[in-house]
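Some notes on the structure that comes next.
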Amino acid sequence: MKKKRGLKRYYRNLSKIDFIDNLDFSNSEKSWFDYYHIHIDNTGLGNKSWKSRMQHLTALFEVANKVESKLELYQNEYQYWVEISENDSYEDSIFIHTKNPNESEFPAKIEFDSKAEIKNQELVEYLSSKEYQIRKKILLDENDKTVTTYFLQKKSLGIKL
């Protein structure tokens with residue numbers, strides 16, 4: 001297998017997302033989010049191995065910490081969660097949702113599946129080491145296959161799902 005050039009730089013730069021500073025957390029009427037989400041793994045490279053997935057997850061949680069710092073000062077009502085797919089690193093994302101002019105349901109309500117089967121024990125152990133409440137739901141992927149998706153929230157941040 002041929003080594004991909006620039007992987008060290010790629011992983012080093014994963015969490016260096018500067019557009020977060022351009023998001024509007026001003027608490028004004030124009031400060032709203034309609035299921036706004038951030039993906040880290042835009043290539044699916046995190047699906048190659050557990051080591052690669054873990055590096056993408058580490059970057060995702062570094063970005064989540066930056067978002068959480070902004071949200072601690074945000075005075076509008078919001079929902080915030082991290083969504084992790086058991087099978088696909090590309091789907092892992094950070095969500096912010098508020099009342100918005102698009103009239104999307106707020107607060108969003110999700111029915112969780114407490115009995116959803118856990119297939120990736122390494123992933124669950126990794127997520128359990130984080131300071132989040134973890135709930136799971138069965139979703140369908142793009143091929144209509146069922147996949148367990150984890151929803152992580154911090155108790156102190158936002159309205160619960």
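Please note that chains go A, B, ... in the order of the structure tokens, that every chain numbers its residues from 1, and that ligands are numbered from 1 in the order shown.
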Each residue of range 74-96 of chain A with at least one atom at most 12 Å from range 105-117 of chain A should appear once, together with its nearest atom pair and the corresponding distance in Å (one decimal); atoms considered: only C-alpha atoms; ordering: chain, then increasing residue number; output as a tab-separated table.
residue	atom	partner	partner_atom	distance
A:Glu77	CA	A:Pro107	CA	9.0
A:Tyr78	CA	A:Pro107	CA	7.7
A:Gln79	CA	A:Pro107	CA	7.0
A:Tyr80	CA	A:Ala108	CA	10.3
A:Trp81	CA	A:Ala108	CA	11.1
A:Glu86	CA	A:Glu117	CA	10.3
A:Phe95	CA	A:Ala108	CA	11.3
A:Ile96	CA	A:Ala108	CA	10.7
Would you put the residues from that selection into a file with N, CA and C atoms, as a PDB file, in the first residue's frame?
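result14.pdb written:
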ATOM      1  N   GLU A  77     -31.499  31.146  23.595  1.00  0.00           N
ATOM      2  CA  GLU A  77     -31.747  29.722  23.804  1.00  0.00           C
ATOM      3  C   GLU A  77     -31.157  28.935  22.640  1.00  0.00           C
ATOM      4  N   TYR A  78     -30.566  27.810  22.933  1.00  0.00           N
ATOM      5  CA  TYR A  78     -29.960  26.996  21.880  1.00  0.00           C
ATOM      6  C   TYR A  78     -29.918  25.533  22.294  1.00  0.00           C
ATOM      7  N   GLN A  79     -29.699  24.708  21.298  1.00  0.00           N
ATOM      8  CA  GLN A  79     -29.393  23.303  21.507  1.00  0.00           C
ATOM      9  C   GLN A  79     -28.021  23.057  20.906  1.00  0.00           C
ATOM     10  N   TYR A  80     -27.276  22.218  21.569  1.00  0.00           N
ATOM     11  CA  TYR A  80     -25.913  21.912  21.132  1.00  0.00           C
ATOM     12  C   TYR A  80     -25.658  20.435  21.379  1.00  0.00           C
ATOM     13  N   TRP A  81     -25.133  19.769  20.364  1.00  0.00           N
ATOM     14  CA  TRP A  81     -24.775  18.374  20.556  1.00  0.00           C
ATOM     15  C   TRP A  81     -23.690  17.961  19.572  1.00  0.00           C
ATOM     16  N   GLU A  86     -21.541   5.420  14.281  1.00  0.00           N
ATOM     17  CA  GLU A  86     -20.747   4.247  14.640  1.00  0.00           C
ATOM     18  C   GLU A  86     -19.909   3.749  13.458  1.00  0.00           C
ATOM     19  N   PHE A  95     -23.306  20.120  16.260  1.00  0.00           N
ATOM     20  CA  PHE A  95     -24.532  20.826  15.883  1.00  0.00           C
ATOM     21  C   PHE A  95     -24.845  21.963  16.846  1.00  0.00           C
ATOM     22  N   ILE A  96     -25.356  23.060  16.278  1.00  0.00           N
ATOM     23  CA  ILE A  96     -25.941  24.168  17.043  1.00  0.00           C
ATOM     24  C   ILE A  96     -27.291  24.460  16.400  1.00  0.00           C
TER      25      ILE A  96
END
Problem - Test item, alpha helix (DSSP H) assignment across range 21-103 of chain A, answer as a list of chain:residue names - result: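 Those residues are A:Trp50, A:Lys51, A:Ser52, A:Arg53, A:Met54, A:Gln55, A:His56, A:Leu57, A:Thr58, A:Ala59, A:Leu60, A:Phe61, A:Glu62, A:Val63, A:Ala64, A:Asn65, A:Lys66, A:Val67, A:Glu68, A:Ser69, A:Lys70, A:Leu71.
Residue nearest Phe33 in chain A, chosen from A:Glu83, A:Glu103, A:Asp21, A:Glu122 and counting only C-alpha atoms: A:Glu103.
Between CA of Ser93 in chain A and CA of Ser52 in chain A the interatomic distance comes to 16.1 Å.
Rounded to one decimal, CA of Asn87 in chain A and CA of Ser128 in chain A lie 17.0 Å from each other.
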Practice task
Just give me the gap between CA of Asn47 in chain A and CA of Ile138 in chain A in Å, one decimal is fine.
Solution key: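 For CA of Asn47 in chain A relative to CA of Ile138 in chain A, the distance reads 19.3 Å.
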Exercise for the section: Write out as a list in words which residues come within 10 Å of Asp41 in chain A when counting only C-alpha atoms, dropping same-chain ones fewer than 5 positions away. Expected result: Leu14, Gly46, Asn47, Arg53, Gln55, His56, Leu57, Ala59, Leu60, Asp88, Ser89, Tyr90, Glu91, Asp92 and Ser93 of chain A
Store the residues of this selection in a file with C-alpha atoms, as a short mmCIF file (atom, residue, chain, number, x, y, z; two decimals), in the first residue's frame.
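Result written to result.cif:
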data_model
loop_
_atom_site.label_atom_id
_atom_site.label_comp_id
_atom_site.auth_asym_id
_atom_site.auth_seq_id
_atom_site.Cartn_x
_atom_site.Cartn_y
_atom_site.Cartn_z
CA LEU A 14 -7.71 19.09 11.31
CA GLY A 46 -11.18 8.36 9.34
CA ASN A 47 -12.81 5.16 8.11
CA ARG A 53 -10.74 7.59 13.30
CA GLN A 55 -7.29 11.33 15.26
CA HIS A 56 -10.40 12.72 13.57
CA LEU A 57 -12.42 12.37 16.77
CA ALA A 59 -9.81 17.02 16.31
CA LEU A 60 -13.62 17.07 16.40
CA ASP A 88 -18.78 6.55 9.23
CA SER A 89 -16.28 9.18 10.34
CA TYR A 90 -17.51 11.44 7.53
CA GLU A 91 -20.86 11.80 9.36
CA ASP A 92 -19.37 12.89 12.72
CA SER A 93 -20.40 16.46 13.43
#
